[in-house]
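Q: Provided below: query.tsv, containing TSV, C-alpha atoms.
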```tsv
chain	number	residue	atom	x	y	z
A	1	MET	CA	113.54	102.23	131.97
A	2	ASP	CA	109.90	101.24	132.45
A	3	LYS	CA	108.25	101.95	135.74
A	4	LYS	CA	106.82	98.91	137.47
A	5	LEU	CA	104.05	97.42	135.34
A	6	ARG	CA	100.50	97.29	136.60
A	7	ASN	CA	98.38	94.18	136.24
A	8	PHE	CA	94.83	93.99	135.02
A	9	GLU	CA	92.50	92.23	137.38
A	10	LYS	CA	91.11	90.48	134.33
A	11	ILE	CA	92.35	90.41	130.73
A	12	PRO	CA	90.47	93.17	128.86
A	13	ILE	CA	89.00	92.79	125.37
A	14	PHE	CA	88.58	95.73	123.02
A	15	ILE	CA	86.39	95.19	119.96
A	16	VAL	CA	86.42	97.67	117.08
A	17	GLU	CA	85.14	97.79	113.51
A	18	ASP	CA	88.11	99.34	111.69
A	19	HIS	CA	91.36	97.67	112.66
A	20	ASN	CA	93.37	100.86	113.20
A	21	ASP	CA	90.95	101.82	115.99
A	22	VAL	CA	92.61	99.27	118.27
A	23	LEU	CA	95.57	101.64	118.50
A	24	GLN	CA	93.85	104.01	120.90
A	25	PHE	CA	93.33	101.17	123.36
A	26	ILE	CA	96.88	99.88	122.99
A	27	TYR	CA	98.20	103.39	123.65
A	28	ARG	CA	95.99	103.73	126.72
A	29	CYS	CA	97.42	100.49	128.07
A	30	LEU	CA	100.93	101.79	127.38
A	31	GLY	CA	100.10	105.03	129.17
A	32	SER	CA	98.56	103.24	132.14
A	33	ARG	CA	101.65	100.97	132.38
A	34	HIS	CA	99.67	97.78	131.84
A	35	LEU	CA	101.91	97.25	128.80
A	36	PRO	CA	105.63	98.12	128.89
A	37	PHE	CA	106.47	101.24	126.90
A	38	GLU	CA	108.93	99.30	124.73
A	39	GLY	CA	109.44	95.80	123.42
A	40	ASN	CA	105.93	94.38	123.30
A	41	THR	CA	105.00	91.48	121.05
A	42	LEU	CA	102.02	91.64	118.70
A	43	VAL	CA	100.40	88.27	118.00
A	44	HIS	CA	98.46	89.17	114.89
A	45	PHE	CA	95.75	86.81	113.58
A	46	ASP	CA	94.78	88.38	110.25
A	47	ALA	CA	94.27	87.77	106.54
A	48	HIS	CA	96.59	90.75	105.92
A	49	PRO	CA	99.96	91.80	107.39
A	50	ASP	CA	98.84	95.44	107.92
A	51	LEU	CA	102.51	96.46	107.71
A	52	THR	CA	102.28	99.14	105.06
A	53	VAL	CA	104.44	102.14	105.90
A	54	PRO	CA	102.30	105.30	106.30
A	55	GLY	CA	104.26	107.39	103.81
A	56	LYS	CA	102.38	110.62	104.45
A	57	VAL	CA	102.89	110.51	108.21
A	58	PRO	CA	106.10	112.34	109.21
A	59	THR	CA	108.07	110.59	111.92
A	60	THR	CA	107.52	113.60	114.19
A	61	ASP	CA	103.81	112.76	114.25
A	62	VAL	CA	104.48	109.28	115.63
A	63	TYR	CA	104.81	110.90	119.06
A	64	ASP	CA	101.68	113.04	118.69
A	65	LYS	CA	98.93	110.56	119.47
A	66	GLU	CA	96.03	112.64	118.21
A	67	LYS	CA	97.69	113.46	114.88
A	68	LEU	CA	98.81	109.88	114.44
A	69	LEU	CA	95.45	108.27	115.15
A	70	ALA	CA	93.75	110.67	112.73
A	71	ALA	CA	96.21	109.88	109.93
A	72	LEU	CA	96.32	106.07	110.02
A	73	SER	CA	94.13	103.48	108.33
A	74	ILE	CA	93.59	99.74	108.39
A	75	GLU	CA	96.67	98.78	106.38
A	76	ASN	CA	99.32	100.89	108.14
A	77	TRP	CA	98.55	101.06	111.87
A	78	ILE	CA	101.30	98.70	113.08
A	79	MET	CA	104.49	100.24	111.68
A	80	PRO	CA	104.35	103.45	113.77
A	81	MET	CA	104.33	101.30	116.92
A	82	CYS	CA	107.46	99.57	115.65
A	83	TYR	CA	109.17	102.88	114.87
A	84	ALA	CA	108.33	104.19	118.34
A	85	GLY	CA	109.73	101.00	119.90
A	86	HIS	CA	106.41	99.99	121.46
A	87	VAL	CA	106.38	96.75	119.44
A	88	GLY	CA	109.63	94.85	118.92
A	89	GLU	CA	108.27	91.52	117.71
A	90	ILE	CA	105.39	90.54	115.43
A	91	LEU	CA	103.91	87.11	114.91
A	92	TRP	CA	101.69	87.26	111.83
A	93	ILE	CA	99.48	84.19	111.94
A	94	ARG	CA	97.67	83.66	108.65
A	95	GLN	CA	95.84	81.05	106.65
A	96	SER	CA	97.27	79.26	103.61
A	97	TRP	CA	95.26	81.55	101.31
A	98	ALA	CA	96.90	84.70	102.71
A	99	GLN	CA	100.18	84.68	100.81
A	100	GLN	CA	101.39	88.29	100.78
A	101	ILE	CA	104.52	87.25	102.73
A	102	PRO	CA	106.05	83.74	102.72
A	103	PRO	CA	106.29	81.75	105.96
A	104	GLY	CA	109.43	82.04	108.03
A	105	ARG	CA	111.50	84.59	109.91
A	106	HIS	CA	111.74	87.99	108.18
A	107	ASP	CA	113.25	90.45	110.65
A	108	PHE	CA	113.39	94.05	109.43
A	109	ILE	CA	114.56	97.50	110.49
A	110	VAL	CA	112.39	100.61	110.50
A	111	GLY	CA	113.91	104.06	110.72
A	112	GLU	CA	113.75	107.70	109.63
A	113	ASP	CA	115.16	109.03	106.35
A	114	VAL	CA	116.36	112.59	105.68
A	115	GLY	CA	112.81	113.59	104.73
A	116	LYS	CA	111.43	112.57	108.16
A	117	ARG	CA	109.69	109.59	106.58
A	118	MET	CA	109.54	106.06	107.91
A	119	ARG	CA	111.52	103.63	105.77
A	120	VAL	CA	112.20	99.90	106.06
A	121	VAL	CA	115.31	97.81	105.57
A	122	SER	CA	114.14	94.44	104.24
A	123	ASP	CA	114.37	92.26	101.14
A	124	LEU	CA	110.68	91.32	101.28
A	125	GLU	CA	108.77	92.19	98.11
A	126	TYR	CA	105.91	93.31	100.34
A	127	PHE	CA	107.94	96.41	101.23
A	128	VAL	CA	109.52	96.80	97.80
A	129	SER	CA	106.10	96.86	96.12
A	130	GLU	CA	104.92	99.79	98.22
A	131	GLY	CA	108.08	101.80	97.64
A	132	SER	CA	109.15	102.00	101.28
A	133	LEU	CA	112.72	100.67	101.25
A	134	GLY	CA	115.55	102.69	102.75
A	135	HIS	CA	119.33	102.19	103.04
A	136	ARG	CA	120.28	101.12	106.54
A	137	ASP	CA	123.16	103.58	106.83
A	138	ASN	CA	120.93	106.48	105.76
A	139	LEU	CA	118.32	105.90	108.45
A	140	LYS	CA	118.22	107.43	111.91
A	141	ASN	CA	116.37	106.19	115.00
A	142	ARG	CA	116.55	102.63	113.72
A	143	LYS	CA	114.52	99.93	115.42
A	144	GLU	CA	114.96	96.22	114.80
A	145	VAL	CA	111.76	94.18	114.63
A	146	LYS	CA	111.59	90.42	114.88
A	147	PHE	CA	109.02	89.21	112.37
A	148	HIS	CA	107.60	85.68	112.23
A	149	VAL	CA	105.12	84.53	109.58
A	150	GLY	CA	103.22	81.27	109.49
A	151	ASN	CA	100.05	79.41	110.32
A	152	SER	CA	99.18	78.71	113.94
A	153	ARG	CA	101.00	75.37	113.96
A	154	GLU	CA	104.17	76.87	112.47
A	155	ILE	CA	104.18	79.70	115.00
A	156	LEU	CA	103.78	77.24	117.87
A	157	GLU	CA	106.67	75.18	116.50
A	158	SER	CA	108.87	78.31	116.50
A	159	GLU	CA	108.76	78.16	120.31
A	160	VAL	CA	108.39	81.93	120.60
A	161	ARG	CA	106.75	82.56	123.96
A	162	PRO	CA	106.49	86.29	124.72
A	163	LYS	CA	106.11	87.63	128.24
A	164	ASN	CA	104.05	90.73	127.40
A	165	TYR	CA	101.94	90.55	124.30
A	166	ILE	CA	98.88	91.88	122.58
A	167	LEU	CA	96.59	89.21	121.18
A	168	ASP	CA	95.21	90.93	118.09
A	169	ILE	CA	92.49	89.21	116.06
A	170	ASP	CA	91.02	90.44	112.81
A	171	LEU	CA	87.90	88.40	112.17
A	172	ASP	CA	88.76	88.27	108.47
A	173	TYR	CA	91.47	85.79	109.51
A	174	PHE	CA	88.70	83.21	109.48
A	175	SER	CA	86.99	84.26	106.25
A	176	THR	CA	87.86	87.14	103.96
A	177	HIS	CA	86.76	88.97	100.84
A	178	ASN	CA	88.73	91.14	98.49
A	179	PRO	CA	86.14	93.95	98.37
A	180	PHE	CA	87.69	95.50	95.26
A	181	ARG	CA	87.04	92.50	93.01
A	182	THR	CA	83.47	93.55	92.25
A	183	LEU	CA	84.29	97.22	91.68
A	184	HIS	CA	82.31	98.28	88.56
A	185	GLU	CA	82.20	94.76	87.20
A	186	GLU	CA	80.29	96.01	84.15
A	187	ILE	CA	83.61	97.14	82.68
A	188	ASN	CA	85.86	94.70	84.55
A	189	LEU	CA	87.49	97.69	86.24
A	190	TYR	CA	89.64	95.84	88.76
A	191	GLU	CA	91.43	93.86	86.07
A	192	LYS	CA	91.87	96.97	83.93
A	193	LEU	CA	93.75	98.57	86.80
A	194	ARG	CA	96.26	95.72	86.80
A	195	GLY	CA	98.07	97.01	83.71
A	196	ILE	CA	98.29	100.53	85.12
A	197	TYR	CA	99.59	99.49	88.55
A	198	SER	CA	101.88	96.62	87.55
A	199	TYR	CA	105.63	96.96	88.03
A	200	HIS	CA	108.83	95.04	87.31
A	201	LEU	CA	110.76	93.60	90.24
A	202	ASP	CA	114.51	93.70	89.67
A	203	GLY	CA	115.93	91.29	92.22
A	204	ARG	CA	119.43	92.70	91.67
A	205	ASP	CA	118.32	96.24	92.47
A	206	LEU	CA	115.63	96.18	95.13
A	207	PHE	CA	116.26	99.75	96.23
A	208	GLY	CA	116.01	101.04	92.65
A	209	THR	CA	112.83	99.01	92.13
A	210	SER	CA	111.36	100.45	95.31
A	211	LYS	CA	112.23	104.00	94.26
A	212	ARG	CA	110.62	103.56	90.84
A	213	ARG	CA	107.58	101.98	92.45
A	214	GLU	CA	107.28	104.90	94.86
A	215	GLU	CA	107.37	107.36	91.95
A	216	GLN	CA	104.77	105.33	90.05
A	217	LEU	CA	102.36	105.25	92.98
A	218	GLU	CA	102.86	108.93	93.72
A	219	PHE	CA	101.97	109.86	90.14
A	220	LEU	CA	98.89	107.64	90.20
A	221	GLU	CA	97.79	109.17	93.49
A	222	ARG	CA	98.14	112.66	91.99
A	223	ILE	CA	96.15	111.88	88.86
A	224	PHE	CA	93.34	110.03	90.62
A	225	THR	CA	93.11	112.74	93.28
A	226	HIS	CA	92.80	115.26	90.44
A	227	LEU	CA	90.05	113.15	88.89
A	228	GLU	CA	88.17	112.97	92.17
A	229	GLU	CA	88.36	116.75	92.59
A	230	LYS	CA	87.85	117.90	89.00
A	231	LYS	CA	85.99	114.91	87.48
A	232	ASN	CA	88.09	115.20	84.31
A	233	LEU	CA	91.71	115.47	83.10
A	234	GLU	CA	91.42	118.63	81.06
A	235	ASP	CA	93.80	120.74	83.15
A	236	PHE	CA	95.96	117.95	84.57
A	237	ASN	CA	99.54	119.17	84.11
A	238	GLU	CA	101.47	115.88	83.77
A	239	LYS	CA	100.13	114.62	80.46
A	240	THR	CA	103.57	113.58	79.22
A	241	HIS	CA	103.92	110.95	81.93
A	242	LYS	CA	104.15	107.43	80.50
A	243	LEU	CA	101.07	106.29	82.47
A	244	TYR	CA	98.89	109.24	81.55
A	245	GLN	CA	97.48	107.66	78.40
A	246	ASP	CA	96.52	104.47	80.24
A	247	VAL	CA	94.58	106.46	82.83
A	248	GLU	CA	92.94	108.60	80.15
A	249	ASN	CA	91.83	105.43	78.34
A	250	LEU	CA	90.35	104.12	81.57
A	251	VAL	CA	88.43	107.36	82.12
A	252	ARG	CA	87.08	107.15	78.57
A	253	GLU	CA	85.85	103.58	79.17
A	254	VAL	CA	84.12	104.67	82.35
A	255	GLU	CA	82.40	107.51	80.51
A	256	GLU	CA	81.38	105.31	77.57
A	257	ALA	CA	79.91	102.75	79.97
A	258	GLY	CA	77.65	105.47	81.37
A	259	ILE	CA	78.95	105.18	84.93
A	260	ARG	CA	77.72	108.42	86.48
A	261	SER	CA	79.07	108.20	89.99
A	262	ILE	CA	82.60	106.94	90.60
A	263	ASP	CA	84.96	107.47	93.50
A	264	TRP	CA	88.39	107.84	91.92
A	265	GLU	CA	90.19	107.73	95.26
A	266	ILE	CA	88.70	104.29	95.90
A	267	ILE	CA	89.82	103.31	92.40
A	268	HIS	CA	93.36	104.31	93.35
A	269	ALA	CA	93.13	102.37	96.62
A	270	ALA	CA	92.04	99.32	94.64
A	271	GLY	CA	94.93	99.73	92.22
A	272	CYS	CA	97.44	99.91	95.05
A	273	THR	CA	96.50	96.35	96.04
A	274	LEU	CA	97.51	95.03	92.61
A	275	ASP	CA	101.10	93.89	92.90
A	276	SER	CA	102.63	90.45	92.49
A	277	THR	CA	100.51	88.95	95.29
A	278	PRO	CA	96.82	89.87	95.16
A	279	LEU	CA	94.67	90.50	98.20
A	280	PRO	CA	93.33	87.20	99.54
A	281	HIS	CA	89.76	86.29	98.73
A	282	HIS	CA	88.43	83.19	100.48
A	283	GLU	CA	84.93	82.99	101.91
A	284	SER	CA	85.16	80.03	104.23
A	285	THR	CA	82.57	77.28	104.29
A	286	ALA	CA	80.93	76.30	107.58
A	287	GLU	CA	83.29	73.33	107.77
A	288	GLU	CA	86.35	75.52	107.14
A	289	LEU	CA	85.22	77.98	109.79
A	290	GLN	CA	84.93	75.22	112.37
A	291	GLY	CA	88.39	73.96	111.45
A	292	ALA	CA	89.95	77.43	111.75
A	293	LEU	CA	88.20	78.07	115.06
A	294	GLY	CA	89.48	74.75	116.36
A	295	GLU	CA	93.05	75.63	115.38
A	296	PHE	CA	92.64	79.02	117.06
A	297	ARG	CA	91.48	77.33	120.27
A	298	GLU	CA	94.40	74.91	120.19
A	299	PHE	CA	96.88	77.75	119.70
A	300	LEU	CA	95.56	79.67	122.70
A	301	ARG	CA	95.73	76.58	124.90
A	302	LYS	CA	99.42	76.09	124.11
A	303	PHE	CA	100.42	79.76	124.27
A	304	PRO	CA	100.85	82.01	127.34
A	305	PRO	CA	97.88	84.27	128.16
A	306	PRO	CA	98.00	87.80	126.69
A	307	THR	CA	98.05	91.12	128.50
A	308	ILE	CA	95.17	92.48	126.40
A	309	VAL	CA	93.00	91.24	123.54
A	310	THR	CA	92.03	93.42	120.57
A	311	ILE	CA	89.47	92.32	117.98
A	312	SER	CA	88.61	93.94	114.66
A	313	ARG	CA	85.38	93.05	112.88
A	314	SER	CA	86.39	94.45	109.44
A	315	SER	CA	82.88	93.91	108.10
A	316	GLU	CA	81.63	97.34	107.05
A	317	ASP	CA	84.28	97.46	104.33
A	318	ASP	CA	83.44	93.80	103.49
A	319	TYR	CA	86.81	92.26	104.27
A	320	CYS	CA	85.08	89.93	106.71
A	321	PRO	CA	81.84	88.76	105.03
A	322	GLN	CA	78.93	90.56	106.65
A	323	HIS	CA	76.74	87.47	106.80
A	324	GLN	CA	79.46	85.62	108.78
A	325	VAL	CA	80.99	88.26	111.03
A	326	ASP	CA	78.56	88.01	113.97
A	327	PHE	CA	78.93	84.23	114.12
A	328	ILE	CA	82.72	84.50	113.96
A	329	GLU	CA	82.81	87.18	116.66
A	330	LYS	CA	80.63	85.15	119.01
A	331	SER	CA	82.68	82.01	118.37
A	332	VAL	CA	85.97	83.81	119.04
A	333	LEU	CA	84.63	85.27	122.30
A	334	ASP	CA	83.33	81.85	123.36
A	335	ILE	CA	86.78	80.32	122.74
A	336	LEU	CA	88.52	83.10	124.68
A	337	ARG	CA	86.19	82.50	127.63
A	338	GLU	CA	86.68	78.75	127.39
A	339	VAL	CA	90.49	79.01	127.39
A	340	TYR	CA	91.06	81.87	129.83
A	341	GLU	CA	88.02	81.24	132.04
A	342	ASP	CA	87.70	83.65	134.97
A	343	THR	CA	90.95	85.47	134.14
A	344	LEU	CA	89.13	87.11	131.21
A	345	THR	CA	86.86	90.12	131.49
A	346	ASP	CA	83.13	89.49	131.50
A	347	ASN	CA	82.47	92.79	129.71
A	348	PRO	CA	84.38	93.51	126.50
A	349	THR	CA	84.63	97.13	125.38
A	350	TYR	CA	82.59	97.42	122.17
A	351	TYR	CA	83.97	100.57	120.60
A	352	TYR	CA	82.03	100.12	117.37
A	353	ARG	CA	78.83	100.36	119.39
A	354	ASN	CA	79.97	103.43	121.33
A	355	THR	CA	80.61	107.02	120.37
A	356	SER	CA	83.88	107.21	122.30
A	357	PRO	CA	86.31	104.84	124.01
A	358	ASP	CA	85.41	103.52	127.46
A	359	ASP	CA	88.03	104.49	130.04
A	360	SER	CA	86.59	102.43	132.88
A	361	VAL	CA	88.62	99.30	132.14
A	362	LEU	CA	91.86	101.26	132.57
```
Turn the structure described in the file into structure tokens.

A:
Amino acid sequence: MDKKLRNFEKIPIFIVEDHNDVLQFIYRCLGSRHLPFEGNTLVHFDAHPDLTVPGKVPTTDVYDKEKLLAALSIENWIMPMCYAGHVGEILWIRQSWAQQIPPGRHDFIVGEDVGKRMRVVSDLEYFVSEGSLGHRDNLKNRKEVKFHVGNSREILESEVRPKNYILDIDLDYFSTHNPFRTLHEEINLYEKLRGIYSYHLDGRDLFGTSKRREEQLEFLERIFTHLEEKKNLEDFNEKTHKLYQDVENLVREVEEAGIRSIDWEIIHAAGCTLDSTPLPHHESTAEELQGALGEFREFLRKFPPPTIVTISRSSEDDYCPQHQVDFIEKSVLDILREVYEDTLTDNPTYYYRNTSPDDSVL
């Protein structure tokens, strides 16, 4: 049972560059009892769900904060909080051009399989396509997560009104790039990866589909890691795999095009985004930005105030366009101040400008 919660004098704001860096501030608020240890709600304004299961993180590391923070990245930072029970409800608020998951209620279960890996019980293709499904009866330490998806109006109409919640804003919610689209355009590399990373969804056998997808992605990770380390496939020992020839053909095209410097691990990361629903790419016009900011303001006015606010810029990796990010950040902060007035901190913590987190707010 949680000890009595503490209250912030003013709602703090934590601003980071890479989205997974908000975790250290959320955990500090859990540790300081400003957030309850279990059952928080995450109100997640983002162009991406960020609900990938971190397959290489054993469940034992979920409770080792330093190991966990070092292992996570921008696409998989939320699920460990769900597995640990810190977050029991997620409201993913997205624009019409972010279609990785359809609108509606999509509750899921996250638990631990026999290999100490996080696995999900869900019929969403989002989880099938990353190979993270598990059978409910085979999972231990199961946690149920309420999951709502929609635009700001749809979420307001759902009448979900959490008591303790984290207002989490990725600035690419307002305008976003798919940074992989322009990867070695001289040979149309991104599209060439589509054939290698495509898969067949069998709606009658989601678990089997997920297992085959997991095996496919694991092979592709092995071969592209080998390429990054060795720069060739001469001594790669899985040449009989059905995808080997496709990768070898790709390597030959890269060599024939005279591309001297290529990061094969980034190539693999790009390929992993190529499933049935591509990453969103929508650079908003000035008019669209104003409309989205207005909807954001209206949502905050009709929703209870948060316990903390986290903001991710996502600009250095070009998810949020670099020529727009400063304007969007300033506009979001102005709206927060307008809505929450003197209950909001005057001094956000800018982690991307610092060398280490600022403890003073806690």

Q: Between region 57-152 of chain A and region 159-182 of chain A, at 10 Å or less, what are the per-residue closest atom pairs and their distances in Å? Count only C-alpha atoms, order by chain and rising residue number, and return it as a tab-separated table.

A:
```
residue	atom	partner	partner_atom	distance
A:Val87	CA	A:Tyr165	CA	9.0
A:Glu89	CA	A:Pro162	CA	8.9
A:Ile90	CA	A:Tyr165	CA	9.5
A:Leu91	CA	A:Val160	CA	8.9
A:Trp92	CA	A:Asp168	CA	9.7
A:Ile93	CA	A:Tyr173	CA	8.5
A:Arg94	CA	A:Tyr173	CA	6.6
A:Gln95	CA	A:Tyr173	CA	7.1
A:Trp97	CA	A:Thr176	CA	9.6
A:Ala98	CA	A:Tyr173	CA	8.8
A:His148	CA	A:Val160	CA	9.2
```

Q: Take the point (97.6, 99.1, 95.1) as written in the file and pick out every residue within 9 Å of it, counting all atoms listed in the file; give the list as a short mmCIF file (atom, residue, chain, number, x, y, z; two decimals) with C-alpha atoms, in the coordinates of the input.

A:
```
data_model
loop_
_atom_site.label_atom_id
_atom_site.label_comp_id
_atom_site.auth_asym_id
_atom_site.auth_seq_id
_atom_site.Cartn_x
_atom_site.Cartn_y
_atom_site.Cartn_z
CA SER A 129 106.10 96.86 96.12
CA GLU A 130 104.92 99.79 98.22
CA TYR A 197 99.59 99.49 88.55
CA LEU A 217 102.36 105.25 92.98
CA HIS A 268 93.36 104.31 93.35
CA ALA A 269 93.13 102.37 96.62
CA ALA A 270 92.04 99.32 94.64
CA GLY A 271 94.93 99.73 92.22
CA CYS A 272 97.44 99.91 95.05
CA THR A 273 96.50 96.35 96.04
CA LEU A 274 97.51 95.03 92.61
CA ASP A 275 101.10 93.89 92.90
#
```

Q: Determine the nearest neighbour of Lys140 (chain A) from the options A:Trp264, A:Phe8, A:Tyr83, A:Phe127, counting all atoms listed in the file.

A: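 So, comparing all the options, the nearest one is A:Tyr83.
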
Q: CA of Thr277 (chain A) to CA of Asp18 (chain A): how many Å, to one decimal?

A: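 Atom-to-atom, CA of Thr277 (chain A) to CA of Asp18 (chain A), that is 23.0 Å.
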
Q: I'd like the interatomic distance between CA of Ile266 (chain A) and CA of Leu243 (chain A), to a tenth of an Å.

A: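 A separation of 18.4 Å between them.
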
Q: Please compute the CA of Leu289 (chain A)-CA of Leu183 (chain A) distance, one decimal, in Å.

A: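 We find that CA of Leu289 (chain A) and CA of Leu183 (chain A) lie 26.4 Å from each other.
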